[in-house]
file my_file00.txt (compact mmCIF, C-alpha atoms)
# COMPACT_ATOMS: atom_id res chain seq x y z
CA MET Y 26 -44.15 23.16 -21.28
CA ALA Y 27 -43.24 20.42 -18.91
CA THR Y 28 -39.74 20.05 -20.42
CA VAL Y 29 -39.07 23.79 -20.20
CA ALA Y 30 -40.08 23.82 -16.58
CA THR Y 31 -37.76 20.93 -15.81
CA VAL Y 32 -34.86 22.55 -17.63
CA GLU Y 33 -35.40 25.84 -15.79
CA GLN Y 34 -35.59 24.07 -12.51
CA SER Y 35 -32.50 21.96 -13.10
CA GLN Y 36 -30.60 25.06 -14.23
CA LYS Y 37 -31.53 26.67 -10.95
CA GLN Y 38 -30.48 23.62 -8.96
CA LEU Y 39 -27.18 23.50 -10.80
CA TRP Y 40 -26.27 26.93 -9.45
CA ALA Y 41 -27.77 26.42 -6.03
CA GLY Y 42 -25.07 23.99 -5.01
CA GLY Y 43 -25.32 20.30 -4.28
CA ALA Y 44 -25.14 19.38 -7.97
CA GLU Y 45 -22.73 16.51 -8.59
CA PRO Y 46 -21.49 16.68 -12.17
CA LEU Y 47 -19.03 13.85 -11.53
CA LYS Y 48 -21.71 11.77 -9.78
CA ALA Y 49 -19.53 11.80 -6.68
CA SER Y 50 -20.04 13.93 -3.60
CA TYR Y 51 -17.79 16.83 -2.63
CA GLY Y 52 -16.20 14.84 0.18
CA LYS Y 53 -15.41 11.90 -2.06
CA LEU Y 54 -13.84 14.13 -4.73
CA MET Y 55 -11.71 15.90 -2.16
CA MET Y 56 -10.58 12.54 -0.81
CA TRP Y 57 -9.51 11.56 -4.34
CA PHE Y 58 -7.53 14.77 -4.81
CA PHE Y 59 -5.96 14.51 -1.38
CA LEU Y 60 -4.89 10.94 -2.17
CA MET Y 61 -3.42 12.14 -5.46
CA SER Y 62 -1.25 14.68 -3.63
CA ASP Y 63 -0.27 11.98 -1.15
CA ALA Y 64 0.69 9.73 -4.06
CA PHE Y 65 3.13 12.43 -5.20
CA THR Y 66 4.72 12.53 -1.74
CA PHE Y 67 5.19 8.76 -1.61
CA SER Y 68 6.46 8.70 -5.19
CA ALA Y 69 9.04 11.34 -4.30
CA LEU Y 70 10.21 9.22 -1.36
CA LEU Y 71 10.47 6.03 -3.40
CA ILE Y 72 12.14 7.72 -6.36
CA THR Y 73 14.62 9.27 -3.92
CA TYR Y 74 15.32 5.77 -2.64
CA GLY Y 75 16.06 4.60 -6.18
CA LEU Y 76 18.26 7.60 -6.88
CA ILE Y 77 20.33 7.22 -3.69
CA ARG Y 78 20.56 3.46 -4.09
CA PHE Y 79 21.91 3.71 -7.62
CA SER Y 80 24.37 6.43 -6.65
CA HIS Y 81 25.98 3.82 -4.35
CA GLU Y 82 27.96 0.81 -5.42
CA ALA Y 83 25.93 -2.35 -5.96
CA ALA Y 84 26.83 -5.35 -3.82
CA PRO Y 85 29.68 -7.30 -5.48
CA ALA Y 86 29.35 -11.02 -6.11
CA ALA Y 87 31.98 -11.58 -3.40
CA ALA Y 88 29.50 -10.27 -0.79
CA ASN Y 89 27.55 -13.52 -1.10
CA VAL Y 90 29.45 -16.26 0.73
CA VAL Y 91 28.63 -19.75 1.92
CA VAL Y 92 29.48 -20.46 5.58
CA ASP Y 93 28.83 -24.01 6.87
CA GLY Y 94 26.52 -24.71 3.94
CA ALA Y 95 24.40 -21.62 4.63
CA HIS Y 96 24.26 -18.58 2.37
CA LYS Y 97 25.45 -15.38 4.00
CA PHE Y 98 25.67 -11.80 2.86
CA ILE Y 99 28.58 -9.66 4.06
CA PHE Y 100 27.43 -6.17 4.97
CA SER Y 101 29.67 -3.17 4.34
CA HIS Y 102 29.48 0.61 4.22
CA GLU Y 103 31.10 0.35 0.77
CA TYR Y 104 28.00 -0.93 -1.03
CA TRP Y 105 24.21 -1.05 -0.85
CA PRO Y 106 22.82 -4.21 0.85
CA ILE Y 107 20.31 -6.53 -0.81
CA PRO Y 108 17.01 -6.32 1.13
CA GLU Y 109 16.50 -10.08 1.42
CA ALA Y 110 19.76 -10.26 3.37
CA VAL Y 111 18.58 -7.61 5.85
CA PHE Y 112 15.01 -8.71 6.57
CA THR Y 113 15.39 -12.37 7.48
CA HIS Y 114 13.70 -12.66 10.88
CA PHE Y 115 10.35 -14.11 11.82
CA PRO Y 116 8.74 -14.03 15.30
CA PHE Y 117 9.09 -17.07 17.60
CA THR Y 118 11.81 -18.67 15.49
CA HIS Y 119 15.51 -18.25 14.86
CA ALA Y 120 15.23 -19.72 11.38
CA HIS Y 121 16.66 -17.73 8.50
CA LEU Y 122 13.51 -16.73 6.57
CA PRO Y 123 14.24 -13.89 4.13
CA LEU Y 124 11.28 -11.61 3.36
CA ALA Y 125 8.78 -14.05 4.92
CA PHE Y 126 7.68 -11.52 7.54
CA VAL Y 127 7.22 -8.77 4.94
CA GLY Y 128 5.11 -11.26 3.01
CA LEU Y 129 2.92 -11.77 6.06
CA MET Y 130 2.57 -7.99 6.50
CA THR Y 131 1.56 -7.65 2.84
CA PHE Y 132 -1.02 -10.37 3.29
CA ILE Y 133 -2.44 -8.66 6.42
CA LEU Y 134 -2.81 -5.34 4.62
CA ILE Y 135 -4.44 -6.82 1.49
CA MET Y 136 -6.79 -8.79 3.74
CA SER Y 137 -7.81 -5.65 5.65
CA SER Y 138 -8.45 -3.93 2.32
CA VAL Y 139 -10.83 -6.78 1.46
CA THR Y 140 -12.71 -6.46 4.77
CA MET Y 141 -12.94 -2.71 4.18
CA VAL Y 142 -14.51 -3.11 0.74
CA LEU Y 143 -16.92 -5.66 2.26
CA ALA Y 144 -17.91 -3.01 4.83
CA VAL Y 145 -18.56 -0.53 2.01
CA GLU Y 146 -20.67 -3.13 0.18
CA ALA Y 147 -22.71 -3.79 3.34
CA GLY Y 148 -23.15 -0.03 3.75
CA HIS Y 149 -24.78 0.21 0.33
CA ARG Y 150 -27.36 -2.24 1.64
CA MET Y 151 -27.87 -0.35 4.93
CA HIS Y 152 -26.82 -3.54 6.71
CA LYS Y 153 -25.63 -1.99 9.96
CA ASP Y 154 -24.44 -5.19 11.69
CA ALA Y 155 -22.45 -6.32 8.66
CA VAL Y 156 -20.79 -2.89 8.31
CA ALA Y 157 -19.84 -2.98 12.00
CA LYS Y 158 -18.47 -6.51 11.70
CA TRP Y 159 -16.27 -5.76 8.66
CA MET Y 160 -15.08 -2.44 10.10
CA LEU Y 161 -13.98 -4.28 13.22
CA TRP Y 162 -12.00 -6.80 11.14
CA THR Y 163 -10.42 -3.90 9.24
CA ILE Y 164 -9.36 -2.24 12.50
CA LEU Y 165 -7.90 -5.54 13.74
CA GLY Y 166 -5.98 -5.90 10.48
CA GLY Y 167 -4.63 -2.37 10.92
CA PHE Y 168 -3.41 -3.10 14.43
CA ALA Y 169 -1.87 -6.39 13.29
CA PHE Y 170 0.05 -4.52 10.61
CA LEU Y 171 1.23 -1.80 13.02
CA GLY Y 172 2.33 -4.45 15.52
CA SER Y 173 4.28 -6.25 12.80
CA GLN Y 174 5.94 -3.04 11.77
CA ALA Y 175 6.92 -2.23 15.35
CA TRP Y 176 8.47 -5.68 15.61
CA GLU Y 177 10.36 -5.27 12.35
CA TRP Y 178 11.64 -1.85 13.40
CA SER Y 179 12.88 -3.16 16.75
CA ILE Y 180 14.76 -6.04 15.07
CA PHE Y 181 16.26 -3.57 12.60
CA ILE Y 182 17.28 -1.12 15.34
CA VAL Y 183 18.71 -3.73 17.73
CA GLY Y 184 20.69 -5.48 14.98
CA SER Y 185 22.57 -8.76 14.82
CA GLU Y 186 24.69 -10.48 17.46
CA ASN Y 187 28.03 -9.77 15.80
CA GLY Y 188 27.29 -6.37 14.35
CA LEU Y 189 29.50 -4.75 11.76
CA THR Y 190 33.11 -3.86 12.53
CA LEU Y 191 34.35 -0.90 10.51
CA SER Y 192 37.78 -1.53 9.02
CA GLU Y 193 38.96 2.09 9.24
CA THR Y 194 38.20 2.73 12.93
CA GLY Y 195 37.74 -0.78 14.31
CA LYS Y 196 34.45 0.33 15.82
CA THR Y 197 31.59 -2.20 15.91
CA ILE Y 198 28.07 -1.05 15.04
CA PHE Y 199 24.98 -2.94 16.19
CA GLY Y 200 21.72 -2.32 14.35
CA ALA Y 201 20.77 0.99 12.84
CA THR Y 202 20.05 4.57 13.80
CA LEU Y 203 19.72 7.64 11.59
CA THR Y 204 23.51 8.09 11.59
CA GLU Y 205 24.90 4.55 11.90
CA ASN Y 206 23.89 1.36 10.18
CA GLU Y 207 25.33 -2.12 10.38
CA TYR Y 208 23.57 -3.24 7.18
CA GLY Y 209 25.30 -0.83 4.83
CA PRO Y 210 25.44 2.90 4.07
CA PRO Y 211 23.62 5.00 6.72
CA ALA Y 212 21.33 6.32 3.96
CA PHE Y 213 19.82 2.82 3.67
CA ALA Y 214 18.58 2.95 7.27
CA ASP Y 215 17.43 6.58 6.89
CA LEU Y 216 15.33 5.68 3.87
CA PHE Y 217 13.98 2.60 5.65
CA PHE Y 218 12.88 4.70 8.63
CA PHE Y 219 11.44 7.48 6.48
CA ILE Y 220 9.57 5.40 3.92
CA THR Y 221 8.14 2.68 6.17
CA GLY Y 222 7.68 5.26 8.94
CA PHE Y 223 5.72 7.63 6.72
CA HIS Y 224 3.61 4.70 5.53
CA GLY Y 225 3.16 3.47 9.11
CA THR Y 226 1.95 6.92 10.15
CA HIS Y 227 -0.64 6.69 7.39
CA VAL Y 228 -1.73 3.27 8.66
CA LEU Y 229 -1.98 4.65 12.19
CA SER Y 230 -4.18 7.58 11.16
CA GLY Y 231 -6.21 5.16 9.01
CA VAL Y 232 -6.81 2.94 12.03
CA LEU Y 233 -7.89 5.97 14.10
CA LEU Y 234 -10.31 7.05 11.34
CA ASN Y 235 -11.62 3.49 11.10
CA ILE Y 236 -12.26 3.42 14.85
CA LEU Y 237 -14.16 6.70 14.59
CA ILE Y 238 -16.27 5.33 11.72
CA PHE Y 239 -16.84 2.07 13.58
CA PHE Y 240 -18.09 4.05 16.58
CA ASN Y 241 -20.48 6.05 14.37
CA VAL Y 242 -21.76 2.87 12.72
CA VAL Y 243 -22.43 1.15 16.03
CA THR Y 244 -24.18 4.18 17.56
CA GLY Y 245 -26.41 4.30 14.47
CA LEU Y 246 -25.38 7.74 13.19
CA TYR Y 247 -25.19 6.62 9.55
CA GLU Y 248 -28.37 4.58 9.92
CA ARG Y 249 -30.19 7.80 10.88
CA ARG Y 250 -28.41 9.77 8.16
CA GLY Y 251 -29.77 7.30 5.61
CA HIS Y 252 -26.43 6.39 3.98
CA TYR Y 253 -22.98 5.03 4.81
CA GLU Y 254 -20.95 7.31 2.55
CA MET Y 255 -18.44 8.09 5.30
CA VAL Y 256 -17.44 4.42 5.25
CA GLU Y 257 -16.73 4.78 1.52
CA LYS Y 258 -14.62 7.91 1.96
CA VAL Y 259 -12.48 6.47 4.73
CA GLY Y 260 -12.40 3.24 2.71
CA LEU Y 261 -10.75 5.14 -0.15
CA TYR Y 262 -8.04 6.29 2.25
CA TRP Y 263 -7.55 2.79 3.62
CA HIS Y 264 -7.20 1.24 0.14
CA PHE Y 265 -4.69 3.94 -0.73
CA VAL Y 266 -2.57 2.90 2.26
CA ASP Y 267 -2.68 -0.65 0.91
CA LEU Y 268 -1.79 0.63 -2.56
CA VAL Y 269 1.27 2.47 -1.24
CA TRP Y 270 2.41 -0.68 0.55
CA VAL Y 271 2.25 -2.60 -2.75
CA PHE Y 272 4.78 -0.12 -4.15
CA VAL Y 273 6.94 -0.03 -0.99
CA PHE Y 274 6.98 -3.84 -1.02
CA THR Y 275 8.25 -3.93 -4.60
CA PHE Y 276 10.70 -1.05 -4.56
CA PHE Y 277 12.08 -1.40 -1.06
CA TYR Y 278 11.98 -5.14 -0.41
CA LEU Y 279 11.85 -7.00 -3.72
CA VAL Y 280 14.02 -5.03 -6.14
CA MET C 12 -21.96 2.73 -7.94
CA ALA C 13 -23.65 -0.55 -8.70
CA THR C 14 -26.04 -0.50 -5.74
CA GLU C 15 -28.00 2.74 -5.45
CA LEU C 16 -28.27 4.36 -2.05
CA THR C 17 -31.87 3.38 -1.46
CA GLY C 18 -31.74 3.87 2.26
CA GLN C 19 -33.30 0.45 2.63
CA PHE C 20 -32.02 -2.61 4.36
CA ILE C 21 -31.06 -5.40 1.93
CA PRO C 22 -30.01 -8.76 3.44
CA ASP C 23 -26.82 -10.70 2.65
CA THR C 24 -28.80 -13.20 0.59
CA ASN C 25 -29.66 -10.61 -2.09
CA PRO C 26 -28.36 -12.04 -5.41
CA GLU C 27 -26.87 -8.71 -6.54
CA SER C 28 -24.98 -8.48 -3.25
CA VAL C 29 -23.79 -12.09 -3.46
CA LYS C 30 -22.43 -11.35 -6.94
CA GLN C 31 -20.63 -8.19 -5.75
CA ARG C 32 -19.03 -9.99 -2.83
CA SER C 33 -17.81 -12.87 -4.97
CA ARG C 34 -16.22 -10.23 -7.24
CA ILE C 35 -14.42 -8.71 -4.23
CA TRP C 36 -13.02 -12.14 -3.32
CA THR C 37 -11.95 -12.75 -6.92
CA VAL C 38 -9.88 -9.56 -6.78
CA PHE C 39 -8.40 -10.73 -3.48
CA TRP C 40 -7.30 -14.04 -5.02
CA ILE C 41 -5.77 -12.20 -7.99
CA LEU C 42 -3.74 -9.96 -5.64
CA PHE C 43 -2.78 -12.97 -3.53
CA ALA C 44 -1.65 -14.99 -6.56
CA ILE C 45 0.43 -12.13 -7.96
CA THR C 46 2.15 -11.52 -4.60
CA SER C 47 2.90 -15.25 -4.20
CA PHE C 48 4.33 -15.34 -7.70
CA GLU C 49 6.56 -12.35 -6.88
CA PHE C 50 7.89 -14.28 -3.88
CA LEU C 51 8.53 -17.31 -6.02
CA VAL C 52 10.55 -15.18 -8.44
CA ALA C 53 12.42 -13.48 -5.57
CA PHE C 54 13.66 -16.86 -4.33
CA THR C 55 14.32 -18.59 -7.62
CA LYS C 56 15.93 -15.72 -9.54
CA GLY C 57 19.34 -16.57 -8.02
CA PRO C 58 19.42 -20.36 -8.55
CA LEU C 59 17.75 -20.10 -11.98
CA ASN C 60 20.02 -17.24 -13.06
CA ILE C 61 17.17 -15.10 -14.39
CA PRO C 62 18.61 -11.89 -15.91
CA HIS C 63 18.25 -8.89 -13.60
CA ILE C 64 16.54 -6.70 -16.18
CA LEU C 65 13.88 -9.37 -16.75
CA VAL C 66 13.22 -9.71 -13.00
CA LEU C 67 12.97 -5.93 -12.68
CA THR C 68 10.53 -5.62 -15.58
CA MET C 69 8.44 -8.45 -14.16
CA PHE C 70 8.28 -6.95 -10.65
CA ILE C 71 7.38 -3.48 -11.93
CA SER C 72 4.69 -4.68 -14.33
CA LEU C 73 3.14 -7.00 -11.72
CA THR C 74 3.09 -4.08 -9.25
CA ILE C 75 1.22 -1.97 -11.78
CA VAL C 76 -1.27 -4.81 -12.34
CA LYS C 77 -1.85 -5.01 -8.57
CA ALA C 78 -2.22 -1.23 -8.36
CA PHE C 79 -4.77 -1.37 -11.17
CA TYR C 80 -6.92 -3.92 -9.32
CA ILE C 81 -6.78 -2.00 -6.03
CA VAL C 82 -7.66 1.35 -7.62
CA ALA C 83 -10.18 0.06 -10.19
CA GLU C 84 -12.06 -2.42 -8.02
CA PHE C 85 -11.44 -1.71 -4.34
CA MET C 86 -11.44 2.05 -4.77
CA HIS C 87 -14.20 1.65 -7.36
CA LEU C 88 -12.58 4.09 -9.80
CA LYS C 89 -13.38 1.88 -12.80
CA HIS C 90 -17.08 2.41 -12.16
CA GLU C 91 -16.90 6.20 -11.73
CA MET C 92 -17.52 8.74 -14.49
CA LYS C 93 -14.88 9.04 -17.21
CA VAL C 94 -14.07 12.64 -16.24
CA LEU C 95 -13.28 11.55 -12.69
CA ILE C 96 -11.17 8.61 -13.89
CA TRP C 97 -9.06 10.86 -16.13
CA SER C 98 -8.75 13.62 -13.52
CA VAL C 99 -7.14 11.08 -11.23
CA VAL C 100 -5.09 9.15 -13.79
CA ILE C 101 -3.66 11.97 -15.94
CA PRO C 102 -1.79 13.83 -13.13
CA THR C 103 0.27 10.67 -12.49
CA VAL C 104 2.32 11.63 -15.58
CA PHE C 105 4.12 13.98 -13.19
CA ILE C 106 5.38 10.90 -11.35
CA ILE C 107 6.72 9.50 -14.62
CA TRP C 108 8.30 12.88 -15.28
CA LEU C 109 10.00 12.86 -11.86
CA ILE C 110 11.34 9.35 -12.43
CA VAL C 111 12.76 10.29 -15.84
CA ALA C 112 14.12 13.63 -14.60
CA LEU C 113 15.87 12.17 -11.55
CA LEU C 114 17.21 9.14 -13.42
CA MET C 115 18.77 11.44 -16.02
CA GLU C 116 20.09 13.72 -13.30
CA GLY C 117 21.48 10.74 -11.37
CA GLY C 118 23.19 9.31 -14.46
CA SER C 119 24.74 12.62 -15.46
CA HIS C 120 27.80 12.40 -13.22

call {"tool": "encode", "arguments": {"input": "my_file00.txt", "output": "structure tokens"}}
result
Amino acid sequence: MATVATVEQSQKQLWAGGAEPLKASYGKLMMWFFLMSDAFTFSALLITYGLIRFSHEAAPAAANVVVDGAHKFIFSHEYWPIPEAVFTHFPFTHAHLPLAFVGLMTFILIMSSVTMVLAVEAGHRMHKDAVAKWMLWTILGGFAFLGSQAWEWSIFIVGSENGLTLSETGKTIFGATLTENEYGPPAFADLFFFITGFHGTHVLSGVLLNILIFFNVVTGLYERRGHYEMVEKVGLYWHFVDLVWVFVFTFFYLV
Amino acid sequence: MATELTGQFIPDTNPESVKQRSRIWTVFWILFAITSFEFLVAFTKGPLNIPHILVLTMFISLTIVKAFYIVAEFMHLKHEMKVLIWSVVIPTVFIIWLIVALLMEGGSH
């Protein structure tokens, strides 16, 4: 008797909504499927990068020269540049430090992913102060990353002291825009702006969402609600942004 | 999820929580070590004359390892139900398809 009653009741509940066959709430599932669609968009961008890169000439060995004992890479519109020759600057120094700044940015983003997952963990324990603390660190990490990206963009746009003089017209190009690029084919700069820009926009909206969540944590909204699931959902988004950067780092900067 | 939503305050000193947090930091150190290793390879591949195809394979497989740790541990997917795991993982074959399709298209001229 008792079992029948339970079965009947659970059948009813199953059709009354609120049942979670995947043991994850509606909002969480939708976040997963949104992220999946976003993963397709980013994949398309990165695969396009690969396709356009390999449809250009690779840099010849002669592009690497040694001037006064220092290694230099000669940029040209004829071939695709190697990323470690383009991204060599680091704030507050004129030293030649290839990829060091991108490394720092990667570290910042992984670190902010860690603070985010610590906020989620504290949320499971209804530890309001700890959630607020880790959310704040995550927001700071997000701003640090955005600031770094702004700095990298400005260096890229302003360009080097000597620029690139085109042999056919004699015109000298400094830095990069969507149509001109001193580091190589204009498509290289376009892809840089689009891929890191699209990722940066994701970071920006992630930071805004994190601020909103932080505000709700501090005012005690989730405390009253009895759970911190919103922190988990926005956390999923934030980790995804970190995940995308891992791929951008490899396919744009390393390879 | 390892900790149920009890709606009750549990302090930092809770042994289950201490264990979970040390796991989070372990994943961080794994990601950190892999990224540092990638840098090491990026700067020594020239002087050591490591073949390009080997470097490429290494970078791509290490990226997939990092992606696994972020998705499985940070995004908690490893601890979700199997149906959810497969619903997220299986559609990524379309990404593989796009890579193969565009590479073939790109190599056709």

call {"tool": "residues_around", "arguments": {"input": "my_file00.txt", "residues": "Thr221 (chain Y)", "least_positions_apart": "6", "cutoff": "10 Å", "atoms": "all atoms listed in the file", "output": "PyMOL selection string"}}
result
chain Y and resi 174+178+227+270+273-274+277

call {"tool": "atom_distance", "arguments": {"input": "my_file00.txt", "atom1": "CA of Lys53 (chain Y)", "atom2": "CA of Phe265 (chain Y)"}}
result
13.4 Å

call {"tool": "closest_residue", "arguments": {"input": "my_file00.txt", "among": "Y:Ala110, Y:Ile220, Y:Met130, Y:Ala155", "to": "chain C", "atoms": "all atoms listed in the file"}}
result
Y:Ala155

call {"tool": "interface_residues", "arguments": {"input": "my_file00.txt", "of": "chain Y", "to": "chain C", "cutoff": "6 Å", "atoms": "all atoms listed in the file", "output": "PyMOL selection string"}}
result
chain Y and resi 149-152+251+261

call {"tool": "atom_distance", "arguments": {"input": "my_file00.txt", "atom1": "CA of Pro116 (chain Y)", "atom2": "CA of Phe217 (chain Y)"}}
result
19.9 Å

call {"tool": "atom_distance", "arguments": {"input": "my_file00.txt", "atom1": "CA of His224 (chain Y)", "atom2": "CA of Thr275 (chain Y)"}}
result
14.1 Å

call {"tool": "closest_residue", "arguments": {"input": "my_file00.txt", "among": "Y:Pro211, Y:Pro123, Y:Gly167, Y:Gly94", "to": "Asn235 (chain Y)", "atoms": "only C-alpha atoms"}}
result
Y:Gly167
